[in-house]
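Next comes coords00.csv, a file with CSV, C-alpha atoms.
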chain,number,residue,atom,x,y,z
A,1,MET,CA,76.2,102.4,129.5
A,2,ASN,CA,75.8,99.8,126.7
A,3,PRO,CA,78.7,100.2,124.2
A,4,TYR,CA,76.8,98.1,121.6
A,5,ARG,CA,73.8,100.4,121.6
A,6,ASN,CA,76.0,103.5,121.5
A,7,ASN,CA,77.8,102.1,118.4
A,8,GLN,CA,74.4,101.4,116.8
A,9,ARG,CA,73.3,105.0,117.5
A,10,TRP,CA,76.5,106.3,115.9
A,11,LYS,CA,76.0,104.1,112.8
A,12,PHE,CA,72.5,105.3,112.4
A,13,ALA,CA,73.5,108.9,112.8
A,14,LEU,CA,76.3,108.6,110.2
A,15,LEU,CA,73.9,106.8,107.8
A,16,PHE,CA,71.4,109.6,108.3
A,17,PHE,CA,74.0,112.3,107.5
A,18,ALA,CA,75.2,110.3,104.5
A,19,ALA,CA,71.7,110.0,103.2
A,20,LEU,CA,71.2,113.7,103.8
A,21,ILE,CA,74.3,114.6,101.8
A,22,ALA,CA,73.2,112.3,99.0
A,23,ALA,CA,69.7,113.8,98.9
A,24,THR,CA,71.1,117.3,98.9
A,25,SER,CA,73.5,116.5,96.0
A,26,LEU,CA,70.7,114.9,94.0
A,27,PHE,CA,68.3,117.7,94.7
A,28,TYR,CA,70.7,120.5,93.7
A,29,THR,CA,71.8,118.6,90.6
A,30,ASN,CA,68.2,118.1,89.5
A,31,TYR,CA,67.6,121.8,90.0
A,32,LEU,CA,70.5,122.6,87.7
A,33,VAL,CA,69.3,120.0,85.2
A,34,LYS,CA,65.8,121.4,85.2
A,35,ASN,CA,67.1,125.0,84.5
A,36,LEU,CA,69.5,123.8,81.8
A,37,SER,CA,66.8,121.7,80.2
A,38,GLU,CA,64.5,124.8,80.1
A,39,ALA,CA,67.3,126.8,78.6
A,40,GLU,CA,67.9,124.2,75.9
A,41,ARG,CA,64.2,124.1,75.0
A,42,THR,CA,64.3,127.9,74.6
A,43,LYS,CA,67.3,127.5,72.3
A,44,ALA,CA,65.4,124.8,70.3
A,45,GLU,CA,62.4,127.1,69.9
A,46,VAL,CA,64.6,129.9,68.7
A,47,TRP,CA,66.3,127.5,66.2
A,48,ALA,CA,62.8,126.4,65.0
A,49,MET,CA,61.7,130.0,64.4
A,50,SER,CA,64.9,130.9,62.6
A,51,THR,CA,64.6,127.8,60.4
A,52,ARG,CA,61.0,128.7,59.6
A,53,ASN,CA,62.0,132.2,58.6
A,54,ILE,CA,64.7,130.9,56.3
A,55,PHE,CA,62.3,128.6,54.6
A,56,ASN,CA,59.5,131.2,54.3
A,57,MET,CA,61.5,134.5,53.6
A,58,PRO,CA,64.0,133.7,51.0
A,59,ASP,CA,64.0,137.3,49.7
A,60,ILE,CA,65.1,139.0,52.9
A,61,ASN,CA,68.2,141.2,52.8
A,62,ASP,CA,71.7,139.7,53.0
A,63,GLU,CA,72.5,141.2,56.4
A,64,PHE,CA,69.4,139.8,58.1
A,65,THR,CA,69.8,136.4,56.3
A,66,THR,CA,73.3,136.2,57.8
A,67,PHE,CA,71.9,136.9,61.2
A,68,ILE,CA,69.2,134.3,60.9
A,69,TYR,CA,71.6,131.6,59.7
A,70,ALA,CA,73.9,132.5,62.6
A,71,VAL,CA,71.1,132.0,65.1
A,72,ARG,CA,70.1,128.7,63.5
A,73,ASP,CA,73.7,127.4,63.5
A,74,SER,CA,74.2,128.4,67.2
A,75,LEU,CA,72.1,125.4,68.4
A,76,SER,CA,74.3,123.0,70.2
A,77,MET,CA,72.1,119.9,70.6
A,78,PRO,CA,70.9,117.5,67.9
A,79,ALA,CA,67.5,118.3,66.4
A,80,ILE,CA,65.1,117.1,63.7
A,81,ILE,CA,62.3,118.9,61.8
A,82,ALA,CA,59.5,116.6,60.7
A,83,ASP,CA,56.0,117.0,59.3
A,84,SER,CA,52.8,115.6,60.7
A,85,GLN,CA,53.5,112.2,59.0
A,86,ASP,CA,57.0,112.0,60.7
A,87,SER,CA,58.7,112.6,57.4
A,88,ILE,CA,62.1,114.2,58.1
A,89,ILE,CA,62.5,117.6,56.5
A,90,TYR,CA,65.7,118.8,58.1
A,91,TRP,CA,68.2,117.8,60.8
A,92,LYS,CA,71.1,119.2,62.7
A,93,GLY,CA,73.9,117.8,65.0
A,94,LEU,CA,73.6,114.2,63.9
A,95,ASP,CA,76.1,111.8,62.3
A,96,THR,CA,77.6,113.7,59.3
A,97,ALA,CA,78.6,110.4,57.7
A,98,ARG,CA,74.9,109.5,57.2
A,99,THR,CA,72.1,111.2,55.3
A,100,ASN,CA,68.4,110.8,54.9
A,101,ILE,CA,68.4,112.0,51.3
A,102,HIS,CA,68.8,109.4,48.6
A,103,ILE,CA,71.2,110.4,45.9
A,104,GLU,CA,71.1,108.7,42.5
A,105,SER,CA,74.3,107.0,41.5
A,106,GLU,CA,74.5,108.8,38.2
A,107,MET,CA,74.5,112.1,40.1
A,108,ILE,CA,77.6,111.2,42.0
A,109,MET,CA,80.7,112.6,40.4
A,110,GLU,CA,83.9,110.7,40.4
A,111,GLY,CA,86.0,111.2,43.6
A,112,MET,CA,83.0,112.8,45.4
A,113,SER,CA,82.6,111.8,49.1
A,114,VAL,CA,78.9,111.0,49.7
A,115,PRO,CA,77.4,110.3,53.1
A,116,LYS,CA,75.8,106.9,53.5
A,117,TYR,CA,72.0,106.8,52.9
A,118,ASP,CA,70.7,105.4,56.2
A,119,PRO,CA,67.0,106.3,56.8
A,120,GLU,CA,66.8,103.8,59.6
A,121,TYR,CA,69.3,105.7,61.6
A,122,PHE,CA,67.3,108.9,61.4
A,123,ARG,CA,64.1,107.1,62.3
A,124,ASP,CA,65.8,105.7,65.4
A,125,GLN,CA,67.1,109.2,66.3
A,126,LEU,CA,63.6,110.6,65.9
A,127,GLU,CA,62.1,108.0,68.2
A,128,ILE,CA,64.8,108.8,70.8
A,129,MET,CA,64.0,112.5,70.6
A,130,LYS,CA,60.2,111.8,70.9
A,131,GLU,CA,60.9,109.9,74.2
A,132,GLN,CA,63.0,112.7,75.6
A,133,HIS,CA,60.9,115.8,74.9
A,134,PRO,CA,57.5,116.8,73.5
A,135,PRO,CA,57.8,118.5,70.1
A,136,ILE,CA,57.9,122.2,69.4
A,137,ILE,CA,55.1,122.9,66.9
A,138,VAL,CA,55.7,125.7,64.4
A,139,GLU,CA,53.0,127.0,62.2
A,140,LEU,CA,54.0,127.9,58.6
A,141,TYR,CA,52.5,130.7,56.5
A,142,ASN,CA,50.9,128.1,54.2
A,143,GLY,CA,48.9,126.5,57.0
A,144,GLU,CA,51.2,123.5,57.4
A,145,SER,CA,52.9,122.6,60.7
A,146,TRP,CA,56.4,121.6,61.5
A,147,TYR,CA,57.3,119.4,64.5
A,148,ILE,CA,60.7,120.1,66.0
A,149,TYR,CA,62.3,117.3,68.0
A,150,TYR,CA,65.6,117.6,69.9
A,151,LYS,CA,67.8,115.6,72.2
A,152,ASP,CA,69.6,116.7,75.4
A,153,SER,CA,73.0,118.1,74.8
A,154,ARG,CA,76.1,116.2,75.9
A,155,LEU,CA,76.6,118.6,78.8
A,156,LEU,CA,73.0,118.0,80.1
A,157,THR,CA,73.3,114.2,79.7
A,158,GLN,CA,76.6,114.2,81.6
A,159,LEU,CA,75.1,116.5,84.3
A,160,ARG,CA,72.2,114.0,84.8
A,161,ILE,CA,74.4,111.1,85.6
A,162,PHE,CA,77.2,113.1,87.4
A,163,PRO,CA,75.6,112.9,90.9
A,164,TYR,CA,75.3,109.1,90.6
A,165,ILE,CA,78.9,108.8,89.5
A,166,GLN,CA,80.0,111.2,92.2
A,167,LEU,CA,78.0,109.4,95.0
A,168,SER,CA,79.3,106.0,93.7
A,169,LEU,CA,82.9,107.1,93.9
A,170,ILE,CA,82.3,108.6,97.4
A,171,ALA,CA,80.7,105.4,98.5
A,172,VAL,CA,83.6,103.3,97.2
A,173,PHE,CA,86.0,105.6,99.0
A,174,LEU,CA,84.1,105.5,102.2
A,175,VAL,CA,83.8,101.7,102.1
A,176,ILE,CA,87.6,101.4,101.5
A,177,ALA,CA,88.3,104.0,104.2
A,178,TYR,CA,86.0,102.3,106.7
A,179,THR,CA,87.4,98.9,106.0
A,180,VAL,CA,91.0,100.1,106.5
A,181,PHE,CA,90.3,102.2,109.7
A,182,ASN,CA,88.1,99.4,111.1
A,183,SER,CA,90.9,96.9,110.5
A,184,ILE,CA,93.4,99.2,112.2
A,185,ARG,CA,91.0,99.8,115.1
A,186,LYS,CA,90.4,96.1,115.5
A,187,SER,CA,94.1,95.4,115.4
A,188,GLU,CA,94.7,98.0,118.1
A,189,GLN,CA,91.8,96.5,120.2
A,190,ASN,CA,93.2,93.0,119.8
A,191,GLN,CA,96.6,94.2,121.0
A,192,VAL,CA,95.0,95.9,124.0
A,193,TRP,CA,93.0,92.8,124.9
A,194,LEU,CA,96.0,90.6,124.3
A,195,GLY,CA,98.1,92.7,126.7
A,196,MET,CA,95.4,92.8,129.3
A,197,ALA,CA,94.9,89.0,129.1
A,198,LYS,CA,98.5,88.2,129.5
A,199,GLU,CA,98.8,90.7,132.4
A,200,ALA,CA,95.8,89.1,134.1
A,201,ALA,CA,97.4,85.6,133.7
A,202,HIS,CA,100.6,86.9,135.1
A,203,GLN,CA,98.8,88.6,138.1
A,204,LEU,CA,96.8,85.4,138.8
A,205,GLY,CA,99.9,83.2,138.8
A,206,THR,CA,101.2,84.2,142.3
A,207,PRO,CA,97.9,83.9,144.3
A,208,ILE,CA,97.0,80.6,142.5
A,209,SER,CA,100.4,79.1,143.5
A,210,SER,CA,99.8,80.4,147.0
A,211,LEU,CA,96.4,78.8,147.2
A,212,MET,CA,97.7,75.5,146.0
A,213,ALA,CA,100.3,75.6,148.7
A,214,TRP,CA,97.7,76.4,151.4
A,215,VAL,CA,95.5,73.5,150.2
A,216,GLU,CA,98.4,71.1,150.5
A,217,LEU,CA,99.2,72.5,153.9
A,218,ILE,CA,95.6,72.0,155.1
A,219,LYS,CA,95.6,68.5,153.8
A,220,SER,CA,98.8,67.5,155.6
A,221,LYS,CA,98.1,69.4,158.8
A,222,PHE,CA,94.6,68.1,159.3
A,223,ASN,CA,95.0,64.8,157.5
A,224,ALA,CA,92.2,65.8,155.2
A,225,ASP,CA,93.3,64.1,151.9
A,226,LYS,CA,89.8,62.6,151.4
A,227,ASP,CA,87.7,65.4,152.8
A,228,PRO,CA,85.1,66.4,150.1
A,229,LEU,CA,85.3,70.1,151.0
A,230,ILE,CA,89.1,70.1,150.5
A,231,GLU,CA,88.7,68.2,147.3
A,232,GLU,CA,86.3,70.8,145.9
A,233,MET,CA,88.6,73.6,147.0
A,234,GLU,CA,91.4,71.8,145.2
A,235,THR,CA,89.2,71.5,142.1
A,236,ASP,CA,88.4,75.2,142.1
A,237,VAL,CA,92.1,76.1,142.5
A,238,LYS,CA,92.9,73.9,139.5
A,239,ARG,CA,90.1,75.6,137.7
A,240,LEU,CA,91.7,79.0,138.4
A,241,GLU,CA,94.9,77.6,137.1
A,242,ILE,CA,93.1,76.6,133.8
A,243,VAL,CA,91.6,80.1,133.5
A,244,ALA,CA,95.0,81.7,134.0
A,245,ASP,CA,96.4,79.3,131.3
A,246,ARG,CA,93.6,80.4,128.9
A,247,PHE,CA,94.5,84.0,129.3
A,248,SER,CA,98.2,83.4,128.8
A,249,LYS,CA,97.5,81.5,125.5
A,250,ILE,CA,95.3,84.2,124.0
A,251,GLY,CA,96.9,85.3,120.7
A,252,SER,CA,98.9,82.1,120.3
A,253,LYS,CA,98.3,79.2,118.0
A,254,PRO,CA,96.0,76.7,119.7
A,255,VAL,CA,96.9,73.0,119.8
A,256,LEU,CA,93.9,70.9,118.6
A,257,GLU,CA,93.8,67.2,119.4
A,258,PRO,CA,91.1,64.5,118.8
A,259,HIS,CA,88.8,64.2,121.9
A,260,ASN,CA,85.6,62.4,122.6
A,261,LEU,CA,83.1,65.3,122.5
A,262,TYR,CA,80.6,63.7,124.8
A,263,ASP,CA,83.1,63.0,127.5
A,264,VAL,CA,84.5,66.6,127.3
A,265,ALA,CA,81.0,68.1,127.5
A,266,LYS,CA,79.9,65.8,130.3
A,267,ASN,CA,83.0,66.5,132.4
A,268,PHE,CA,82.5,70.2,132.2
A,269,VAL,CA,78.7,70.1,132.9
A,270,ASP,CA,79.4,67.9,136.0
A,271,TYR,CA,81.8,70.6,137.2
A,272,PHE,CA,79.6,73.5,136.3
A,273,LYS,CA,76.2,72.4,137.6
A,274,ILE,CA,77.2,72.1,141.3
A,275,ARG,CA,78.4,75.7,141.2
A,276,ILE,CA,75.0,77.3,140.3
A,277,SER,CA,71.5,77.1,141.5
A,278,GLN,CA,70.3,73.6,142.2
A,279,LYS,CA,66.9,74.5,140.7
A,280,ILE,CA,68.4,74.2,137.2
A,281,GLU,CA,68.4,70.7,135.8
A,282,PHE,CA,71.2,69.7,133.4
A,283,GLU,CA,71.1,66.9,130.8
A,284,VAL,CA,73.8,65.8,128.3
A,285,LYS,CA,72.7,63.4,125.6
A,286,GLY,CA,73.3,62.3,122.0
A,287,ASP,CA,76.1,60.5,120.3
A,288,ARG,CA,78.7,59.3,122.8
A,289,ASP,CA,81.4,58.1,120.4
A,290,VAL,CA,82.0,61.0,118.0
A,291,GLU,CA,85.4,62.7,118.1
A,292,ALA,CA,86.3,66.3,117.2
A,293,MET,CA,89.6,68.2,117.1
A,294,LEU,CA,89.5,70.3,120.3
A,295,ASN,CA,91.6,72.4,122.5
A,296,VAL,CA,89.9,71.3,125.7
A,297,PRO,CA,90.6,74.4,127.9
A,298,LEU,CA,89.3,76.7,125.1
A,299,PHE,CA,86.3,74.5,124.4
A,300,ASP,CA,85.5,74.4,128.1
A,301,TRP,CA,85.5,78.2,128.0
A,302,VAL,CA,83.0,78.1,125.1
A,303,LEU,CA,80.7,75.8,127.1
A,304,GLU,CA,81.1,77.9,130.2
A,305,ASN,CA,80.1,81.2,128.4
A,306,ILE,CA,77.0,79.6,126.8
A,307,LEU,CA,75.9,77.8,130.0
A,308,LYS,CA,76.4,80.9,132.1
A,309,ASN,CA,74.1,82.9,129.7
A,310,ALA,CA,71.6,80.0,129.7
A,311,ALA,CA,71.6,79.9,133.5
A,312,ASN,CA,71.2,83.7,133.8
A,313,ALA,CA,68.3,83.5,131.4
A,314,ILE,CA,66.4,81.1,133.7
A,315,GLU,CA,64.8,83.3,136.4
A,316,SER,CA,63.9,80.6,138.9
A,317,SER,CA,63.9,77.0,137.9
A,318,GLY,CA,64.4,75.4,134.6
A,319,LYS,CA,66.4,73.0,132.4
A,320,ILE,CA,69.5,73.2,130.3
A,321,GLU,CA,70.0,70.5,127.7
A,322,LEU,CA,73.2,69.7,125.7
A,323,GLU,CA,72.7,67.4,122.8
A,324,ILE,CA,75.5,66.0,120.5
A,325,ILE,CA,74.5,65.1,116.9
A,326,GLU,CA,76.7,63.6,114.3
A,327,ASN,CA,76.1,64.6,110.6
A,328,ILE,CA,77.8,61.8,108.9
A,329,ALA,CA,77.0,63.1,105.3
A,330,LYS,CA,78.8,66.4,105.9
A,331,GLU,CA,81.4,65.0,108.4
A,332,GLN,CA,80.2,67.6,111.0
A,333,ILE,CA,79.2,67.5,114.6
A,334,PHE,CA,76.3,69.6,116.0
A,335,ILE,CA,76.2,70.6,119.6
A,336,ASP,CA,72.8,72.0,120.5
A,337,ILE,CA,72.6,73.8,123.9
A,338,SER,CA,69.0,74.6,124.8
A,339,ASP,CA,67.5,76.4,127.9
A,340,THR,CA,64.1,77.2,129.2
A,341,GLY,CA,64.9,80.8,129.8
A,342,LYS,CA,63.4,84.1,128.8
A,343,GLY,CA,64.4,83.8,125.1
A,344,ILE,CA,65.9,86.3,122.6
A,345,PRO,CA,64.0,88.4,120.1
A,346,ARG,CA,64.7,87.3,116.5
A,347,SER,CA,66.0,90.8,115.7
A,348,GLN,CA,68.8,90.3,118.2
A,349,PHE,CA,70.1,87.0,116.9
A,350,ASP,CA,73.2,88.5,115.3
A,351,ALA,CA,73.6,91.3,117.8
A,352,VAL,CA,74.2,88.9,120.8
A,353,PHE,CA,77.6,88.1,119.4
A,354,GLN,CA,78.7,91.7,119.1
A,355,PRO,CA,81.2,93.0,121.7
A,356,GLY,CA,79.5,95.1,124.3
A,357,TYR,CA,76.0,93.6,123.8
A,358,THR,CA,74.4,92.7,127.1
A,359,THR,CA,70.9,92.6,128.7
A,360,ARG,CA,72.3,92.6,132.2
A,361,LYS,CA,72.8,95.7,134.3
A,362,ARG,CA,76.3,94.5,135.2
A,363,GLY,CA,78.2,93.0,132.4
A,364,TRP,CA,80.7,93.8,129.7
A,365,GLY,CA,79.0,91.9,127.0
A,366,LEU,CA,82.2,90.0,125.9
A,367,GLY,CA,81.3,86.4,126.7
A,368,LEU,CA,79.5,85.4,123.5
A,369,SER,CA,81.8,87.6,121.4
A,370,LEU,CA,84.8,85.6,122.7
A,371,THR,CA,82.9,82.4,122.3
A,372,LYS,CA,82.3,83.1,118.6
A,373,ARG,CA,85.9,83.9,118.1
A,374,MET,CA,87.1,80.7,119.9
A,375,VAL,CA,84.6,78.5,117.8
A,376,GLU,CA,85.2,80.1,114.4
A,377,ASN,CA,88.8,81.3,114.6
A,378,TYR,CA,90.4,78.6,116.7
A,379,HIS,CA,88.2,75.5,116.0
A,380,LYS,CA,87.2,76.5,112.5
A,381,GLY,CA,83.6,75.9,113.3
A,382,HIS,CA,80.4,78.0,113.4
A,383,ILE,CA,78.1,79.1,116.2
A,384,PHE,CA,74.7,80.7,115.9
A,385,ILE,CA,71.2,80.9,117.5
A,386,LYS,CA,69.3,78.0,116.0
A,387,ASP,CA,66.0,78.9,117.6
A,388,SER,CA,64.6,81.2,120.2
A,389,GLU,CA,61.1,82.2,121.4
A,390,VAL,CA,60.6,85.0,124.0
A,391,GLY,CA,59.3,83.5,127.2
A,392,LYS,CA,60.1,79.8,126.2
A,393,GLY,CA,63.8,79.5,125.7
A,394,THR,CA,66.8,79.5,123.3
A,395,THR,CA,68.9,77.0,121.5
A,396,PHE,CA,72.5,77.7,120.5
A,397,ARG,CA,74.1,75.5,117.8
A,398,ILE,CA,77.8,74.9,117.5
A,399,ILE,CA,79.1,73.2,114.4
A,400,LEU,CA,82.5,71.5,114.5
A,401,ASN,CA,84.3,69.5,111.8
A,402,SER,CA,84.8,65.9,112.5
A,403,SER,CA,88.4,64.9,113.3
A,404,LEU,CA,88.5,63.0,110.0
A,405,ILE,CA,88.7,66.2,107.9
A,406,TYR,CA,90.8,68.2,110.3
A,407,GLU,CA,93.2,70.8,108.9
A,408,PRO,CA,95.6,72.7,111.2
A,409,ALA,CA,94.2,76.1,112.2
A,410,LYS,CA,96.0,79.2,111.2
A,411,ILE,CA,95.6,82.1,113.6

Produce structure tokens that represent the structure in this file.
Amino acid sequence: MNPYRNNQRWKFALLFFAALIAATSLFYTNYLVKNLSEAERTKAEVWAMSTRNIFNMPDINDEFTTFIYAVRDSLSMPAIIADSQDSIIYWKGLDTARTNIHIESEMIMEGMSVPKYDPEYFRDQLEIMKEQHPPIIVELYNGESWYIYYKDSRLLTQLRIFPYIQLSLIAVFLVIAYTVFNSIRKSEQNQVWLGMAKEAAHQLGTPISSLMAWVELIKSKFNADKDPLIEEMETDVKRLEIVADRFSKIGSKPVLEPHNLYDVAKNFVDYFKIRISQKIEFEVKGDRDVEAMLNVPLFDWVLENILKNAANAIESSGKIELEIIENIAKEQIFIDISDTGKGIPRSQFDAVFQPGYTTRKRGWGLGLSLTKRMVENYHKGHIFIKDSEVGKGTTFRIILNSSLIYEPAKI
């Protein structure tokens, strides 16, 4: 079971259901908008007919006149009646402080409140209405035609934008909730890993001490101080001690000190290369005098994880190359680790650093995830895949700050 792939499936499933909910909400809202829009057009047509009757039948009885006026005044959305030349004849539901009728100043009585003459406002409103709906054409008894234009009511306008506001608020809530719960989950996971790491260090302590004692006993009993096999055994036991020390220090603030990066890398490669296939060639090259702020046990762990992945990617024979490059302008140091293995597809460049991602049948997929954390959180650097081609190999790049611009890390 690949936890990374399972997480990806869950993310895609949740994204699909979110998209389905959004599409359903938009579809239903559009259905309501369409029905309400049709109802408003019917109201506009009734208003147009009632207005035409008022203009053409001034001599109808009082009761029917009252009814016609009531129908006309029941329209809730803004509307304009214009002729074929776009001359405005009548309007409703617009700004009452403006008028399209010019009133001569001598006709204005003292103290009378007169709306502002603003034909530009009415022309603008007419253009807006033309863009929203086609006109309702009403034929008059004298052969002329009226063109009735109208705007969406405030309710319809609000209903059009409501689903987008609703979905935006839901999206914001989900992002906040996901961030909070993800932070809590990661915190819990970190506590579990921290506890497991410290327990592993504690459990390793006793057998490591015992192995060290056995090595010393063999050396004294068989006078084998200079025996190369005993020396390699002693080196491996010390290596186990370093591994246990790594686990015990997880979660604590690392101590970074200036070290010659070439020497650190060369020492680890010399230790590592005799413990894997002899068909893999190693080369360390580049600037030999650059210094970086390092925690050597942790940085050795970084190199170990990358070199193990590189070695596993080489199926038979091949080469692993580690090159150190100083970028003086940016006061940075580049460490490029290249292999001639099977390569990584470009689509997986980011995924390889995710917990649980692995291409091996047996593996937890934690090595590169821990490597990224040690480089970025502890050493304040960066790690990424610089280049990779399937069938030809991969190059990882680590970027560290020069010791000249070091700032203490805060974990």

Would you pick out the contacts of Asp287 of chain A at 10 Å or less, using only C-alpha atoms, so that residues sharing its chain but fewer than 2 positions from it are not included, and give the list as a PyMOL selection string?
chain A and resi 260-262+284-285+289-291+323-326+333

Coordinates-based distance that separates atom CA of Met374 of chain A from atom CA of Phe396 of chain A (Å, one decimal):
14.9 Å

Looking at A:Glu281, A:Glu257, A:Glu234, A:Glu127, which one is nearest to Met293 of chain A, with distances taken over all atoms listed in the file?
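Checking each candidate against Met293 of chain A, we get A:Glu257 as the closest.
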
Tell me, in Å to one decimal, how far atom CA of Lys11 of chain A is from atom CA of Ile385 of chain A.
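Going from atom CA of Lys11 of chain A over to atom CA of Ile385 of chain A, I get 24.2 Å.
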
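Coordinates place atom CA of Lys372 of chain A at a distance of 17.8 Å from atom CA of Val243 of chain A.
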
Using all atoms listed in the file, which of the listed residues (A:Val255, A:Ile337, A:Val264, A:Ala311) sits closest to Ile383 of chain A?
A:Ile337

Identify which of the residues A:Ala292, A:Ile276, A:Ile218, A:Ala39 lies closest to Asn312 of chain A, counting only C-alpha atoms when measuring atom-to-atom distances.
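When distances to Asn312 of chain A are compared using only C-alpha atoms, the smallest one comes from A:Ile276.
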
Taking (66.1, 73.6, 140.9) in the coordinates of the supplied file, I want to know which residues reach to within 8 Å of it, counting all atoms listed in the file; could you give the answer as a PyMOL selection string?
chain A and resi 277-281+316-318

Could you save those same residues with C-alpha atoms as a PDB file, keeping the file's coordinate frame?
ATOM      1  CA  SER A 277      71.500  77.100 141.500  1.00  0.00           C
ATOM      2  CA  GLN A 278      70.300  73.600 142.200  1.00  0.00           C
ATOM      3  CA  LYS A 279      66.900  74.500 140.700  1.00  0.00           C
ATOM      4  CA  ILE A 280      68.400  74.200 137.200  1.00  0.00           C
ATOM      5  CA  GLU A 281      68.400  70.700 135.800  1.00  0.00           C
ATOM      6  CA  SER A 316      63.900  80.600 138.900  1.00  0.00           C
ATOM      7  CA  SER A 317      63.900  77.000 137.900  1.00  0.00           C
ATOM      8  CA  GLY A 318      64.400  75.400 134.600  1.00  0.00           C
TER       9      GLY A 318
END

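Using all atoms listed in the file, the protein and nucleic acid residues lying no more than 12 Å from segment 227-230 of chain A, apart from those fewer than 3 places from it along its own chain, are Leu211, Met212, Trp214, Val215, Glu216, Leu217, Ile218, Lys219, Ser220, Phe222, Asn223, Ala224, Met233, Glu234, Thr235, Asp236 and Val237 of chain A.
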
Every residue with an atom at most 12 Å from (89.8, 76.8, 135.7) (file coordinates; all atoms listed in the file) is what I'm after, so could you write them as a VMD selection string?
chain A and resid 201 204 208 233 to 247 268 271 to 272 296 to 298 300 to 301 304
